[in-house]
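Chemist: Input my_file23.cif, format and content: mmCIF, C-alpha atoms; chains and numbers go by the auth columns.
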```cif
data_upload
#
loop_
_atom_site.group_PDB
_atom_site.id
_atom_site.type_symbol
_atom_site.label_atom_id
_atom_site.label_comp_id
_atom_site.label_asym_id
_atom_site.label_seq_id
_atom_site.Cartn_x
_atom_site.Cartn_y
_atom_site.Cartn_z
_atom_site.B_iso_or_equiv
_atom_site.auth_seq_id
_atom_site.auth_asym_id
ATOM 1 C CA MET A 1 -18.215 -4.258 -10.973 0.00 8 A
ATOM 2 C CA ILE A 2 -19.838 -2.822 -7.849 0.00 9 A
ATOM 3 C CA GLY A 3 -18.140 -5.506 -5.742 0.00 10 A
ATOM 4 C CA TRP A 4 -14.704 -4.553 -7.066 0.00 11 A
ATOM 5 C CA ILE A 5 -15.315 -0.866 -6.391 0.00 12 A
ATOM 6 C CA GLY A 6 -16.559 -1.778 -2.923 0.00 13 A
ATOM 7 C CA MET A 7 -13.329 -3.667 -2.292 0.00 14 A
ATOM 8 C CA SER A 8 -11.277 -0.619 -3.301 0.00 15 A
ATOM 9 C CA LEU A 9 -13.389 1.671 -1.113 0.00 16 A
ATOM 10 C CA ALA A 10 -13.048 -0.735 1.829 0.00 17 A
ATOM 11 C CA VAL A 11 -9.258 -0.557 1.519 0.00 18 A
ATOM 12 C CA VAL A 12 -9.358 3.264 1.436 0.00 19 A
ATOM 13 C CA ALA A 13 -11.723 3.509 4.403 0.00 20 A
ATOM 14 C CA GLY A 14 -10.077 0.792 6.478 0.00 21 A
ATOM 15 C CA ASP A 15 -6.554 2.065 6.024 0.00 22 A
ATOM 16 C CA GLY A 16 -7.743 5.622 6.630 0.00 23 A
ATOM 17 C CA VAL A 17 -9.131 4.595 10.016 0.00 24 A
ATOM 18 C CA VAL A 18 -5.943 2.737 10.951 0.00 25 A
ATOM 19 C CA LYS A 19 -3.751 5.660 9.819 0.00 26 A
ATOM 20 C CA LYS A 20 -5.808 8.021 11.982 0.00 27 A
ATOM 21 C CA CYS A 21 -5.394 5.710 14.987 0.00 28 A
ATOM 22 C CA ALA A 22 -1.660 5.432 14.321 0.00 29 A
ATOM 23 C CA GLU A 23 -1.332 9.224 14.235 0.00 30 A
ATOM 24 C CA GLU A 24 -3.252 9.521 17.519 0.00 31 A
ATOM 25 C CA LYS A 25 -1.766 6.582 19.458 0.00 32 A
ATOM 26 C CA LEU A 26 1.823 6.203 18.256 0.00 33 A
ATOM 27 C CA SER A 27 4.768 8.532 18.734 0.00 34 A
ATOM 28 C CA GLU A 28 7.368 8.897 16.029 0.00 35 A
ATOM 29 C CA GLY A 29 10.574 7.179 17.080 0.00 36 A
ATOM 30 C CA LYS A 30 8.874 4.875 19.605 0.00 37 A
ATOM 31 C CA THR A 31 7.969 1.254 18.930 0.00 38 A
ATOM 32 C CA LYS A 32 5.226 -0.944 20.365 0.00 39 A
ATOM 33 C CA ARG A 33 5.627 -4.687 19.973 0.00 40 A
ATOM 34 C CA LEU A 34 2.780 -7.131 19.344 0.00 41 A
ATOM 35 C CA PHE A 35 2.634 -10.928 19.193 0.00 42 A
ATOM 36 C CA GLY A 36 5.920 -11.453 21.002 0.00 43 A
ATOM 37 C CA GLY A 37 7.640 -8.820 18.900 0.00 44 A
ATOM 38 C CA CYS A 38 6.692 -10.336 15.524 0.00 45 A
ATOM 39 C CA ILE A 39 4.809 -7.150 14.601 0.00 46 A
ATOM 40 C CA ARG A 40 6.145 -3.738 15.523 0.00 47 A
ATOM 41 C CA LEU A 41 3.950 -0.659 15.515 0.00 48 A
ATOM 42 C CA GLN A 42 5.809 2.552 14.818 0.00 49 A
ATOM 43 C CA LEU A 43 4.820 5.850 13.268 0.00 50 A
ATOM 44 C CA LEU A 44 6.688 6.984 10.175 0.00 51 A
ATOM 45 C CA HIS A 45 5.900 9.852 7.813 0.00 52 A
ATOM 46 C CA ASN A 46 7.212 8.974 4.364 0.00 53 A
ATOM 47 C CA PRO A 47 7.195 11.742 1.727 0.00 54 A
ATOM 48 C CA GLY A 48 8.807 9.348 -0.771 0.00 55 A
ATOM 49 C CA VAL A 49 7.910 5.983 -2.210 0.00 56 A
ATOM 50 C CA ALA A 50 8.930 2.524 -0.973 0.00 57 A
ATOM 51 C CA LEU A 51 11.937 2.581 1.343 0.00 58 A
ATOM 52 C CA GLY A 52 11.888 6.387 1.318 0.00 59 A
ATOM 53 C CA ALA A 53 13.124 6.621 -2.274 0.00 60 A
ATOM 54 C CA LEU A 54 12.488 10.035 -3.884 0.00 61 A
ATOM 55 C CA ARG A 55 11.691 11.561 -0.456 0.00 62 A
ATOM 56 C CA LYS A 56 13.292 14.817 -1.575 0.00 63 A
ATOM 57 C CA ARG A 57 11.065 14.931 -4.690 0.00 64 A
ATOM 58 C CA PRO A 58 7.499 14.926 -3.289 0.00 65 A
ATOM 59 C CA LYS A 59 5.980 16.574 -6.383 0.00 66 A
ATOM 60 C CA LEU A 60 7.496 13.898 -8.631 0.00 67 A
ATOM 61 C CA VAL A 61 6.181 11.223 -6.241 0.00 68 A
ATOM 62 C CA LEU A 62 2.698 12.768 -6.476 0.00 69 A
ATOM 63 C CA VAL A 63 2.836 12.772 -10.291 0.00 70 A
ATOM 64 C CA LEU A 64 4.110 9.168 -10.413 0.00 71 A
ATOM 65 C CA ASN A 65 1.499 8.001 -7.890 0.00 72 A
ATOM 66 C CA SER A 66 -1.261 9.674 -9.911 0.00 73 A
ATOM 67 C CA ALA A 67 -0.029 8.387 -13.273 0.00 74 A
ATOM 68 C CA LEU A 68 0.337 4.787 -12.101 0.00 75 A
ATOM 69 C CA LEU A 69 -3.031 4.928 -10.394 0.00 76 A
ATOM 70 C CA GLY A 70 -4.584 6.274 -13.611 0.00 77 A
ATOM 71 C CA ALA A 71 -3.049 3.399 -15.581 0.00 78 A
ATOM 72 C CA ALA A 72 -4.436 0.885 -13.076 0.00 79 A
ATOM 73 C CA VAL A 73 -7.920 2.430 -13.289 0.00 80 A
ATOM 74 C CA GLY A 74 -7.734 2.351 -17.097 0.00 81 A
ATOM 75 C CA GLU A 75 -6.742 -1.320 -17.111 0.00 82 A
ATOM 76 C CA PHE A 76 -9.473 -2.102 -14.585 0.00 83 A
ATOM 77 C CA ALA A 77 -12.083 -0.376 -16.789 0.00 84 A
ATOM 78 C CA ARG A 78 -10.828 -2.249 -19.861 0.00 85 A
ATOM 79 C CA MET A 79 -11.002 -5.585 -18.031 0.00 86 A
ATOM 80 C CA GLN A 80 -14.651 -5.088 -17.083 0.00 87 A
ATOM 81 C CA LYS A 81 -15.594 -6.018 -20.647 0.00 88 A
ATOM 82 C CA GLU A 82 -13.977 -9.440 -20.215 0.00 89 A
ATOM 83 C CA GLU A 83 -15.453 -12.459 -18.475 0.00 90 A
ATOM 84 C CA GLY A 84 -13.526 -14.128 -15.675 0.00 91 A
ATOM 85 C CA GLU A 85 -10.022 -13.022 -14.736 0.00 92 A
ATOM 86 C CA THR A 86 -11.135 -12.836 -11.123 0.00 93 A
ATOM 87 C CA ALA A 87 -7.607 -12.877 -9.669 0.00 94 A
ATOM 88 C CA ALA A 88 -6.432 -10.070 -11.955 0.00 95 A
ATOM 89 C CA LYS A 89 -9.532 -7.955 -11.243 0.00 96 A
ATOM 90 C CA THR A 90 -9.177 -8.549 -7.499 0.00 97 A
ATOM 91 C CA GLY A 91 -5.543 -7.525 -7.778 0.00 98 A
ATOM 92 C CA LEU A 92 -6.440 -4.298 -9.532 0.00 99 A
ATOM 93 C CA ALA A 93 -9.170 -3.518 -6.981 0.00 100 A
ATOM 94 C CA LEU A 94 -6.647 -3.939 -4.142 0.00 101 A
ATOM 95 C CA LEU A 95 -3.985 -1.948 -5.995 0.00 102 A
ATOM 96 C CA ILE A 96 -6.408 0.895 -6.744 0.00 103 A
ATOM 97 C CA GLY A 97 -7.694 1.013 -3.160 0.00 104 A
ATOM 98 C CA GLY A 98 -4.179 1.104 -1.742 0.00 105 A
ATOM 99 C CA GLY A 99 -3.020 3.636 -4.322 0.00 106 A
ATOM 100 C CA VAL A 100 -5.971 5.949 -3.657 0.00 107 A
ATOM 101 C CA SER A 101 -5.448 5.760 0.109 0.00 108 A
ATOM 102 C CA ASN A 102 -1.776 6.694 -0.205 0.00 109 A
ATOM 103 C CA LEU A 103 -2.617 9.408 -2.763 0.00 110 A
ATOM 104 C CA ILE A 104 -5.098 10.940 -0.307 0.00 111 A
ATOM 105 C CA ASP A 105 -2.313 11.024 2.312 0.00 112 A
ATOM 106 C CA ARG A 106 0.072 12.699 -0.118 0.00 113 A
ATOM 107 C CA LEU A 107 -2.509 15.321 -1.138 0.00 114 A
ATOM 108 C CA GLN A 108 -3.665 16.095 2.421 0.00 115 A
ATOM 109 C CA ARG A 109 -0.387 15.845 4.331 0.00 116 A
ATOM 110 C CA GLY A 110 2.476 15.747 1.844 0.00 117 A
ATOM 111 C CA TYR A 111 3.529 12.300 3.081 0.00 118 A
ATOM 112 C CA VAL A 112 2.186 8.797 3.607 0.00 119 A
ATOM 113 C CA THR A 113 1.602 7.559 7.145 0.00 120 A
ATOM 114 C CA ASP A 114 3.257 4.185 7.712 0.00 121 A
ATOM 115 C CA TYR A 115 2.760 2.316 10.956 0.00 122 A
ATOM 116 C CA PHE A 116 3.920 -1.312 11.109 0.00 123 A
ATOM 117 C CA SER A 117 6.894 -3.506 10.399 0.00 124 A
ATOM 118 C CA ILE A 118 7.547 -7.219 10.615 0.00 125 A
ATOM 119 C CA ASN A 119 10.224 -8.844 12.735 0.00 126 A
ATOM 120 C CA ALA A 120 11.375 -11.562 10.372 0.00 127 A
ATOM 121 C CA GLY A 121 14.333 -12.681 12.473 0.00 128 A
ATOM 122 C CA GLU A 122 18.050 -12.206 12.078 0.00 129 A
ATOM 123 C CA ARG A 123 18.141 -13.823 8.662 0.00 130 A
ATOM 124 C CA PHE A 124 15.938 -11.071 7.210 0.00 131 A
ATOM 125 C CA GLN A 125 17.131 -8.043 9.185 0.00 132 A
ATOM 126 C CA LYS A 126 16.757 -5.684 6.225 0.00 133 A
ATOM 127 C CA LEU A 127 13.049 -6.494 6.076 0.00 134 A
ATOM 128 C CA GLN A 128 12.681 -5.275 9.665 0.00 135 A
ATOM 129 C CA LYS A 129 13.667 -1.758 8.624 0.00 136 A
ATOM 130 C CA ILE A 130 10.753 -1.449 6.212 0.00 137 A
ATOM 131 C CA VAL A 131 7.705 0.281 7.693 0.00 138 A
ATOM 132 C CA PHE A 132 4.403 -0.309 5.882 0.00 139 A
ATOM 133 C CA ASN A 133 0.751 0.597 6.025 0.00 140 A
ATOM 134 C CA CYS A 134 -2.169 -1.586 4.959 0.00 141 A
ATOM 135 C CA SER A 135 -2.404 0.252 1.637 0.00 142 A
ATOM 136 C CA ASP A 136 1.197 -0.671 0.827 0.00 143 A
ATOM 137 C CA PHE A 137 0.366 -4.296 1.502 0.00 144 A
ATOM 138 C CA CYS A 138 -2.734 -4.073 -0.723 0.00 145 A
ATOM 139 C CA VAL A 139 -0.705 -2.500 -3.546 0.00 146 A
ATOM 140 C CA PHE A 140 1.923 -5.245 -3.300 0.00 147 A
ATOM 141 C CA ALA A 141 -0.654 -8.056 -3.053 0.00 148 A
ATOM 142 C CA GLY A 142 -2.641 -6.445 -5.871 0.00 149 A
ATOM 143 C CA ILE A 143 0.371 -6.388 -8.181 0.00 150 A
ATOM 144 C CA LEU A 144 1.033 -10.065 -7.459 0.00 151 A
ATOM 145 C CA LEU A 145 -2.603 -11.089 -8.005 0.00 152 A
ATOM 146 C CA TYR A 146 -2.871 -9.071 -11.199 0.00 153 A
ATOM 147 C CA THR A 147 0.418 -10.383 -12.571 0.00 154 A
ATOM 148 C CA PHE A 148 -0.267 -14.029 -11.805 0.00 155 A
ATOM 149 C CA GLY A 149 -3.940 -13.719 -12.758 0.00 156 A
ATOM 150 C CA LYS A 150 -3.023 -12.357 -16.190 0.00 157 A
ATOM 151 C CA LYS A 151 -0.169 -14.839 -16.640 0.00 158 A
ATOM 152 C CA ASN A 152 -2.373 -17.847 -15.917 0.00 159 A
ATOM 153 C CA ARG A 153 -4.954 -16.569 -18.408 0.00 160 A
ATOM 154 C CA SER A 154 -2.438 -16.290 -21.264 0.00 161 A
#
```
Write the structure described by the file as structure tokens, please.
Modeler:
Amino acid sequence: MIGWIGMSLAVVAGDGVVKKCAEEKLSEGKTKRLFGGCIRLQLLHNPGVALGALRKRPKLVLVLNSALLGAAVGEFARMQKEEGETAAKTGLALLIGGGVSNLIDRLQRGYVTDYFSINAGERFQKLQKIVFNCSDFCVFAGILLYTFGKKNRS
């Protein structure tokens, strides 16, 4: 269990460091391109959830973030009694780490700091408008790992 908690804490600490650097080095509205433009660094303050949804309801977002995080922690605690299910447990550890990091942002600043987007080419132009942070990626990857880890076990 210590390893899973360590993974969650590493996500919180690592993303916290990158968010701090983004706040210090990037200017809102300006973009820096990396790897031939495949990755774009840009600062965005998002008071809402994914894609800016609920941005005008920050208190509701805080309640939802906390409730979903609590459910994930409860499921993680329940799963500790079971052997195996490594993918599902890894998924929950990533999800919890990412959720805690974004919750800390919401509590301290009232918004989540996002800082990178992916240039996926003309075919996926809508994807280019989405600005992420590492915690968002960990939440998404964690949901996938948990879902497929639990599905394969059934």
Chemist: Which residues, named as in the file, does the PyMOL selection byres ((chain A and resi 25) around 12) pick out? Answer as an MDAnalysis selection string.
Modeler: chainID A and resid 18:24 26:33 48 50 108 120:123 139:142
Chemist: Can you write just those residues out, C-alpha atoms, as an mmCIF file, keeping the file's coordinate frame?
Modeler:
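The result, written out as part_33.cif:
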```cif
data_model
loop_
_atom_site.group_PDB
_atom_site.id
_atom_site.type_symbol
_atom_site.label_atom_id
_atom_site.label_comp_id
_atom_site.auth_asym_id
_atom_site.auth_seq_id
_atom_site.Cartn_x
_atom_site.Cartn_y
_atom_site.Cartn_z
ATOM 1 C CA VAL A 18 -9.258 -0.557 1.519
ATOM 2 C CA VAL A 19 -9.358 3.264 1.436
ATOM 3 C CA ALA A 20 -11.723 3.509 4.403
ATOM 4 C CA GLY A 21 -10.077 0.792 6.478
ATOM 5 C CA ASP A 22 -6.554 2.065 6.024
ATOM 6 C CA GLY A 23 -7.743 5.622 6.630
ATOM 7 C CA VAL A 24 -9.131 4.595 10.016
ATOM 8 C CA LYS A 26 -3.751 5.660 9.819
ATOM 9 C CA LYS A 27 -5.808 8.021 11.982
ATOM 10 C CA CYS A 28 -5.394 5.710 14.987
ATOM 11 C CA ALA A 29 -1.660 5.432 14.321
ATOM 12 C CA GLU A 30 -1.332 9.224 14.235
ATOM 13 C CA GLU A 31 -3.252 9.521 17.519
ATOM 14 C CA LYS A 32 -1.766 6.582 19.458
ATOM 15 C CA LEU A 33 1.823 6.203 18.256
ATOM 16 C CA LEU A 48 3.950 -0.659 15.515
ATOM 17 C CA LEU A 50 4.820 5.850 13.268
ATOM 18 C CA SER A 108 -5.448 5.760 0.109
ATOM 19 C CA THR A 120 1.602 7.559 7.145
ATOM 20 C CA ASP A 121 3.257 4.185 7.712
ATOM 21 C CA TYR A 122 2.760 2.316 10.956
ATOM 22 C CA PHE A 123 3.920 -1.312 11.109
ATOM 23 C CA PHE A 139 4.403 -0.309 5.882
ATOM 24 C CA ASN A 140 0.751 0.597 6.025
ATOM 25 C CA CYS A 141 -2.169 -1.586 4.959
ATOM 26 C CA SER A 142 -2.404 0.252 1.637
#
```
Chemist: To verify the selection step, state as a list in words which residues the PyMOL selection byres ((chain A and resi 69-78) around 9) yields on this input.
Modeler: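 After applying the PyMOL selection byres ((chain A and resi 69-78) around 9), what remains is Val56, Arg64, Pro65, Lys66, Leu67, Val68, Ala79, Val80, Gly81, Glu82, Phe83, Leu102, Ile103, Gly106, Val107, Asn109, Leu110, Arg113, Leu114 and Gly117 of chain A.
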Chemist: Would you mind telling me which residue in A:Ala127, A:Lys136, A:Arg62, A:Ala84 lies nearest to Cys45 in chain A when using only C-alpha atoms?
Modeler: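 Closest to Cys45 in chain A of all the choices is A:Ala127.
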Chemist: Have a look at A:Ser34, A:Asn126, A:Gln115, A:Gln132 and name the one nearest to Ile46 in chain A; count all atoms listed in the file.
Modeler: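 Looking only at the distances to Ile46 in chain A, the closest residue turns out to be A:Asn126.
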Chemist: Using all atoms listed in the file, find each residue in range 58-130 of chain A having at least one atom no more than 6 Å away from range 150-156 of chain A; report its shortest atom-to-atom pair and that distance in Å (one decimal), rows by chain then rising number, as JSON lines.
Modeler:
```
{"residue": "A:Ala94", "atom": "CA", "partner": "A:Gly156", "partner_atom": "CA", "distance": 4.9}
{"residue": "A:Ala95", "atom": "CA", "partner": "A:Tyr153", "partner_atom": "CA", "distance": 3.8}
{"residue": "A:Gly98", "atom": "CA", "partner": "A:Tyr153", "partner_atom": "CA", "distance": 4.6}
```
Chemist: Could you tell me which of A:Gly149, A:Gly128, A:Gln135, A:Val119 comes closest to Ala57 in chain A if we count only C-alpha atoms?
Modeler: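 Checking each candidate against Ala57 in chain A, we get A:Val119 as the closest.
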Chemist: Suppose you want the space between CA of Val146 in chain A and CA of Gln87 in chain A; what is it in Å?
Modeler: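 CA of Gln87 in chain A lies at a distance of 19.6 Å from CA of Val146 in chain A.
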Chemist: I need the residue nearest Ala100 in chain A from this list: A:Ile125, A:Ile137, A:Leu61, A:Ile9. Use all atoms listed in the file for the distance.
Modeler: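 Of all the options, A:Ile9 lies closest to Ala100 in chain A.
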Chemist: Would you fill out range 128-139 of chain A with all heavy atoms and return it as a tab-separated table (two decimals), in the coordinates of the input?
Modeler:
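result.tsv, written as the output of this step:
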```tsv
chain	number	residue	atom	x	y	z
A	128	GLY	N	13.18	-11.97	11.95
A	128	GLY	CA	14.33	-12.68	12.47
A	128	GLY	C	15.64	-12.15	11.92
A	128	GLY	O	15.69	-11.30	11.04
A	129	GLU	N	16.72	-12.68	12.45
A	129	GLU	CA	18.05	-12.21	12.08
A	129	GLU	C	18.37	-12.44	10.61
A	129	GLU	O	19.11	-11.66	9.99
A	129	GLU	CB	19.10	-12.89	12.95
A	129	GLU	CG	19.07	-12.41	14.38
A	129	GLU	CD	20.18	-13.03	15.21
A	129	GLU	OE1	21.26	-13.31	14.66
A	129	GLU	OE2	19.93	-13.24	16.41
A	130	ARG	N	17.85	-13.49	10.06
A	130	ARG	CA	18.14	-13.82	8.66
A	130	ARG	C	17.63	-12.75	7.69
A	130	ARG	O	18.19	-12.53	6.64
A	130	ARG	CB	17.52	-15.17	8.32
A	130	ARG	CG	17.89	-15.66	6.96
A	130	ARG	CD	17.42	-17.07	6.77
A	130	ARG	NE	17.77	-17.52	5.44
A	130	ARG	CZ	17.20	-18.52	4.84
A	130	ARG	NH1	16.27	-19.21	5.46
A	130	ARG	NH2	17.56	-18.86	3.63
A	131	PHE	N	16.55	-12.08	8.07
A	131	PHE	CA	15.94	-11.07	7.21
A	131	PHE	C	15.93	-9.71	7.89
A	131	PHE	O	14.92	-9.02	7.92
A	131	PHE	CB	14.51	-11.48	6.85
A	131	PHE	CG	14.42	-12.78	6.11
A	131	PHE	CD1	14.05	-13.94	6.78
A	131	PHE	CD2	14.71	-12.86	4.77
A	131	PHE	CE1	13.96	-15.15	6.12
A	131	PHE	CE2	14.62	-14.06	4.08
A	131	PHE	CZ	14.26	-15.21	4.76
A	132	GLN	N	17.06	-9.30	8.44
A	132	GLN	CA	17.13	-8.04	9.18
A	132	GLN	C	16.76	-6.82	8.35
A	132	GLN	O	16.18	-5.88	8.87
A	132	GLN	CB	18.52	-7.85	9.78
A	132	GLN	CG	18.75	-8.68	11.02
A	132	GLN	CD	20.09	-8.39	11.65
A	132	GLN	OE1	20.99	-7.89	11.01
A	132	GLN	NE2	20.19	-8.71	12.93
A	133	LYS	N	17.09	-6.83	7.07
A	133	LYS	CA	16.76	-5.68	6.22
A	133	LYS	C	15.25	-5.49	6.12
A	133	LYS	O	14.77	-4.37	6.03
A	133	LYS	CB	17.38	-5.83	4.84
A	133	LYS	CG	18.88	-5.67	4.86
A	133	LYS	CD	19.47	-5.72	3.48
A	133	LYS	CE	20.98	-5.56	3.58
A	133	LYS	NZ	21.62	-5.57	2.28
A	134	LEU	N	14.50	-6.58	6.14
A	134	LEU	CA	13.05	-6.49	6.08
A	134	LEU	C	12.49	-5.77	7.30
A	134	LEU	O	11.49	-5.06	7.20
A	134	LEU	CB	12.44	-7.90	5.97
A	134	LEU	CG	10.93	-7.98	5.85
A	134	LEU	CD1	10.45	-7.29	4.58
A	134	LEU	CD2	10.47	-9.42	5.85
A	135	GLN	N	13.14	-5.90	8.43
A	135	GLN	CA	12.68	-5.28	9.66
A	135	GLN	C	12.73	-3.76	9.61
A	135	GLN	O	12.04	-3.08	10.36
A	135	GLN	CB	13.52	-5.75	10.85
A	135	GLN	CG	13.38	-7.23	11.10
A	135	GLN	CD	14.23	-7.71	12.23
A	135	GLN	OE1	13.68	-8.05	13.27
A	135	GLN	NE2	15.54	-7.75	12.07
A	136	LYS	N	13.54	-3.21	8.72
A	136	LYS	CA	13.67	-1.76	8.62
A	136	LYS	C	12.58	-1.13	7.77
A	136	LYS	O	12.43	0.08	7.74
A	136	LYS	CB	15.04	-1.40	8.05
A	136	LYS	CG	16.17	-1.79	8.97
A	136	LYS	CD	17.50	-1.45	8.38
A	136	LYS	CE	18.61	-1.91	9.34
A	136	LYS	NZ	19.94	-1.63	8.80
A	137	ILE	N	11.81	-1.96	7.08
A	137	ILE	CA	10.75	-1.45	6.21
A	137	ILE	C	9.48	-1.24	7.04
A	137	ILE	O	9.02	-2.15	7.71
A	137	ILE	CB	10.48	-2.43	5.05
A	137	ILE	CG1	11.75	-2.66	4.24
A	137	ILE	CG2	9.37	-1.88	4.16
A	137	ILE	CD1	11.61	-3.76	3.21
A	138	VAL	N	8.95	-0.04	6.98
A	138	VAL	CA	7.70	0.28	7.69
A	138	VAL	C	6.61	0.45	6.64
A	138	VAL	O	6.78	1.18	5.67
A	138	VAL	CB	7.86	1.55	8.55
A	138	VAL	CG1	6.58	1.82	9.34
A	138	VAL	CG2	9.05	1.42	9.51
A	139	PHE	N	5.50	-0.25	6.84
A	139	PHE	CA	4.40	-0.31	5.88
A	139	PHE	C	3.14	0.34	6.44
A	139	PHE	O	3.07	0.68	7.61
A	139	PHE	CB	3.98	-1.77	5.63
A	139	PHE	CG	5.04	-2.68	5.14
A	139	PHE	CD1	5.83	-3.41	6.03
A	139	PHE	CD2	5.22	-2.87	3.78
A	139	PHE	CE1	6.78	-4.29	5.57
A	139	PHE	CE2	6.18	-3.75	3.32
A	139	PHE	CZ	6.96	-4.47	4.21
```
